[in-house]
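Notes for the one structure printed next.
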Amino acid sequence: MKFFKVYNLCIASEFPLPELIETEGEPDVIVRFGKIDDVTAIQHDGGKNFVGEIPEVAKCFIKDGREIIINPLPNVDEALLRTVLLGPMLCVLLRQRGLLVLHASCISINHKCVAFMGGSGWGKSTLAAAFHKKGYDVLTDDVMPIQIAVGQVLVLPAYPQFKVFPEALISLGHETKNLSPIYQNASKLSYKFAHGFQQNPLPLQRIYVLDKGSEHIITKMELQEAFLELVRHTRAINLLTEKEFVTSHLHLCSELIKSVSFCRFTRKPSLEDLPNLVKLVEDDIALLTAQHDSSNTLQTSSDYLLATKS
């Protein structure tokens, strides 16, 4: 077995995972090959014991957030199997470990996380790649696990790879002729990068919910609207249906909207406008930071006045 680091976990895997960063240490998760038979299948409870099947790829058994057993079909494309393992299978495992897992890309601005949440093909990876091109560190491409504790909301980093459409990479000035599809006949390319990956968890500051429209605009969201979008874009939400996980998911969504600000980010579908979109987010975060600093200054002044009066 080789050992890899992803989502703040040490994974020991029988299956080669070249996308991930190799590491050492005591494994948190074991990934191995094995047979998924009827005896295994009856353990499925829609919670800590999950048995699933990806048509024409593999069956899997994901147990208690600690083990993934994969039974691949004969002659399956290895790149496709890795994509499924690092995507849907790990999403189930991360949710078993008590994390909120969103369909979102994530970058670091001023050592805090800014996320872009939306469905497939909505531009999450393209936006993250545009920020990376400008020198910002990246944490996630499309699977964003969030650890929520008292007074702390952290994003756990994925691995240094974008899955991006060729035209998006070309618009950002990247050479694509030496890049491979993420798996055989896939429309997206695998773009691995050596620099600009944030390997340590960082606090989450703002989530932008992506939308399409006739203009580029960022607007604040009401709490109820943000809650509905969180439920809509949670990964593996229809797979872990056991009551404990449903209740936990709703609780995590409620806690997140208390701690993190949400905005709707409406954009025209135009790759040429990517620099303008980056600038729009930069200005919005700068304003958010200034408001936060001003609020802290007012609070400090108020505390000082109260102390002198007493």
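Ordering of the structure tokens sets the chain letters (A, B, ...), residue numbers begin anew at 1 in every chain, and ligands are numbered from 1 in the order given.
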* What lies within 8 Å of range 118-134 of chain A using only C-alpha atoms, ignoring chain neighbours under 2 positions off, as a VMD selection string? -> chain A and resid 103 to 107 116 136 to 138 141 to 142 162 to 164 168 to 169 172 196 209 to 211 233 274 to 275 278
Hey, could you make a per-residue contact list for range 135-244 of chain A against range 2-15 of chain A with 7 Å as the cut-off, showing the nearest pair of atoms and its distance in Å to one decimal, counting only C-alpha atoms, sorted by chain and number, as JSON lines?
```
{"residue": "A:Leu156", "atom": "CA", "partner": "A:Tyr7", "partner_atom": "CA", "distance": 4.9}
{"residue": "A:Pro157", "atom": "CA", "partner": "A:Tyr7", "partner_atom": "CA", "distance": 5.0}
{"residue": "A:Ala158", "atom": "CA", "partner": "A:Tyr7", "partner_atom": "CA", "distance": 5.1}
{"residue": "A:Tyr159", "atom": "CA", "partner": "A:Val6", "partner_atom": "CA", "distance": 6.2}
```
Please dump the current selection as a PDB file, in the first residue's frame; keep all heavy atoms.
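What landed in part-v1.pdb:
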```pdb
ATOM      1  N   LEU A 156     -11.268  21.758   4.281  1.00  0.00           N
ATOM      2  CA  LEU A 156     -10.188  20.779   4.225  1.00  0.00           C
ATOM      3  C   LEU A 156      -9.705  20.648   2.772  1.00  0.00           C
ATOM      4  O   LEU A 156     -10.505  20.376   1.878  1.00  0.00           O
ATOM      5  CB  LEU A 156     -10.663  19.424   4.750  1.00  0.00           C
ATOM      6  CG  LEU A 156     -11.325  19.447   6.142  1.00  0.00           C
ATOM      7  CD1 LEU A 156     -11.660  18.027   6.581  1.00  0.00           C
ATOM      8  CD2 LEU A 156     -10.425  20.121   7.169  1.00  0.00           C
ATOM      9  N   PRO A 157      -8.407  20.836   2.520  1.00  0.00           N
ATOM     10  CA  PRO A 157      -7.890  20.851   1.143  1.00  0.00           C
ATOM     11  C   PRO A 157      -8.012  19.500   0.440  1.00  0.00           C
ATOM     12  O   PRO A 157      -7.920  18.442   1.082  1.00  0.00           O
ATOM     13  CB  PRO A 157      -6.420  21.241   1.318  1.00  0.00           C
ATOM     14  CG  PRO A 157      -6.325  21.817   2.691  1.00  0.00           C
ATOM     15  CD  PRO A 157      -7.363  21.126   3.509  1.00  0.00           C
ATOM     16  N   ALA A 158      -8.172  19.556  -0.878  1.00  0.00           N
ATOM     17  CA  ALA A 158      -8.279  18.351  -1.698  1.00  0.00           C
ATOM     18  C   ALA A 158      -6.902  17.961  -2.231  1.00  0.00           C
ATOM     19  O   ALA A 158      -6.052  17.486  -1.480  1.00  0.00           O
ATOM     20  CB  ALA A 158      -9.272  18.589  -2.834  1.00  0.00           C
ATOM     21  N   TYR A 159      -6.652  18.197  -3.515  1.00  0.00           N
ATOM     22  CA  TYR A 159      -5.364  17.846  -4.129  1.00  0.00           C
ATOM     23  C   TYR A 159      -5.134  18.777  -5.315  1.00  0.00           C
ATOM     24  O   TYR A 159      -6.078  19.375  -5.849  1.00  0.00           O
ATOM     25  CB  TYR A 159      -5.345  16.375  -4.555  1.00  0.00           C
ATOM     26  CG  TYR A 159      -6.548  15.927  -5.351  1.00  0.00           C
ATOM     27  CD1 TYR A 159      -6.538  15.922  -6.745  1.00  0.00           C
ATOM     28  CD2 TYR A 159      -7.711  15.502  -4.703  1.00  0.00           C
ATOM     29  CE1 TYR A 159      -7.643  15.507  -7.467  1.00  0.00           C
ATOM     30  CE2 TYR A 159      -8.825  15.090  -5.415  1.00  0.00           C
ATOM     31  CZ  TYR A 159      -8.788  15.083  -6.792  1.00  0.00           C
ATOM     32  OH  TYR A 159      -9.891  14.679  -7.506  1.00  0.00           O
TER      33      TYR A 159
END
```
* To do: Give me the residues within 8 Å of Ile70 in chain A as number ranges by chain, counting only C-alpha atoms and dropping any in the same chain fewer than 6 places off.
  => A: 31-36, 58-61
* Structure fact -> Between A:Ser180, A:Thr266, A:Thr83, A:Asn49, smallest distance to Leu280 in chain A by only C-alpha atoms belongs to A:Thr266
* Asked: What's the 6 Å shell around Met144 in chain A, counting only C-alpha atoms, without same-chain residues fewer than 2 positions away, as JSON, numbers by chain?
  -> {"A": [101, 102, 104, 140]}
* **DSSP strand (DSSP E or B) residues within range 81-282 of chain A, listed as a PyMOL selection string** => chain A and resi 100-102+104-109+112-117+138-140+144-149+152-155+161-164+181+189-192+197+202-212+217-220+234+261-267
* Structure fact -> Min atom-atom distance to Ala79 in chain A from the set A:Asn185, A:Asn178, A:Thr23, A:Asn110, counting only C-alpha atoms, belongs to A:Asn185
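For the set A:Asp273, A:Glu26, A:Asp77, A:Glu225, the residue with the smallest atom-to-atom gap to Ser254 in chain A is A:Glu225, counting only C-alpha atoms.
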* Got a sec to tell me which of range 161-229 of chain A DSSP assigns to alpha helix (DSSP H), as a PyMOL selection string? -> chain A and resi 166-171+223-229
* Contact residues around Ala149 in chain A with only C-alpha atoms at 12 Å, ignoring same-chain residues under 3 positions, as a VMD selection string -> chain A and resid 98 to 100 146 152 to 155 203 251 to 252 255 to 256 259
File dump, residues just selected, N, CA, C and O atoms, as a JSON list (two decimals), in the first residue's frame:
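Saved as again30.json:
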```json
[["chain", "number", "residue", "atom", "x", "y", "z"],
["A", 98, "GLY", "N", -18.72, 12.94, 9.48],
["A", 98, "GLY", "CA", -19.35, 14.08, 10.13],
["A", 98, "GLY", "C", -19.08, 15.42, 9.48],
["A", 98, "GLY", "O", -19.33, 16.47, 10.09],
["A", 99, "LEU", "N", -18.61, 15.42, 8.23],
["A", 99, "LEU", "CA", -18.32, 16.66, 7.53],
["A", 99, "LEU", "C", -19.48, 17.05, 6.61],
["A", 99, "LEU", "O", -20.22, 16.18, 6.12],
["A", 100, "LEU", "N", -19.61, 18.34, 6.38],
["A", 100, "LEU", "CA", -20.53, 18.85, 5.36],
["A", 100, "LEU", "C", -19.73, 18.93, 4.07],
["A", 100, "LEU", "O", -18.69, 19.57, 4.01],
["A", 146, "ILE", "N", -16.27, 20.57, 4.69],
["A", 146, "ILE", "CA", -16.22, 21.62, 5.71],
["A", 146, "ILE", "C", -16.35, 20.98, 7.08],
["A", 146, "ILE", "O", -17.26, 20.19, 7.34],
["A", 152, "GLN", "N", -15.75, 27.80, 14.80],
["A", 152, "GLN", "CA", -14.75, 27.56, 13.77],
["A", 152, "GLN", "C", -15.34, 26.79, 12.60],
["A", 152, "GLN", "O", -15.99, 25.77, 12.78],
["A", 153, "VAL", "N", -15.13, 27.32, 11.39],
["A", 153, "VAL", "CA", -15.56, 26.65, 10.16],
["A", 153, "VAL", "C", -14.34, 26.54, 9.25],
["A", 153, "VAL", "O", -13.81, 27.55, 8.78],
["A", 154, "LEU", "N", -13.86, 25.31, 9.02],
["A", 154, "LEU", "CA", -12.65, 25.10, 8.25],
["A", 154, "LEU", "C", -12.93, 24.32, 6.96],
["A", 154, "LEU", "O", -13.74, 23.38, 6.96],
["A", 155, "VAL", "N", -12.24, 24.71, 5.88],
["A", 155, "VAL", "CA", -12.27, 23.96, 4.63],
["A", 155, "VAL", "C", -11.05, 23.04, 4.60],
["A", 155, "VAL", "O", -9.92, 23.48, 4.86],
["A", 203, "PRO", "N", -9.92, 28.86, 7.52],
["A", 203, "PRO", "CA", -11.30, 29.27, 7.85],
["A", 203, "PRO", "C", -12.05, 29.75, 6.61],
["A", 203, "PRO", "O", -11.48, 30.41, 5.74],
["A", 251, "HIS", "N", -28.52, 20.14, 10.53],
["A", 251, "HIS", "CA", -27.88, 20.90, 11.61],
["A", 251, "HIS", "C", -26.62, 21.60, 11.11],
["A", 251, "HIS", "O", -26.39, 22.79, 11.42],
["A", 252, "LEU", "N", -25.80, 20.90, 10.33],
["A", 252, "LEU", "CA", -24.56, 21.50, 9.81],
["A", 252, "LEU", "C", -24.85, 22.67, 8.88],
["A", 252, "LEU", "O", -24.17, 23.71, 8.94],
["A", 255, "GLU", "N", -25.81, 25.62, 11.05],
["A", 255, "GLU", "CA", -24.65, 26.19, 11.71],
["A", 255, "GLU", "C", -23.79, 26.99, 10.74],
["A", 255, "GLU", "O", -23.24, 28.04, 11.10],
["A", 256, "LEU", "N", -23.68, 26.52, 9.51],
["A", 256, "LEU", "CA", -22.82, 27.19, 8.53],
["A", 256, "LEU", "C", -23.35, 28.58, 8.19],
["A", 256, "LEU", "O", -22.58, 29.54, 8.11],
["A", 259, "SER", "N", -22.36, 31.35, 10.48],
["A", 259, "SER", "CA", -20.95, 31.71, 10.60],
["A", 259, "SER", "C", -20.34, 32.29, 9.33],
["A", 259, "SER", "O", -19.30, 32.96, 9.40]]
```
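Residue nearest Glu222 in chain A within the list A:Ile148, A:Cys91, A:Cys263, A:Leu240: A:Cys263 [criterion: smallest interatomic distance, only C-alpha atoms].
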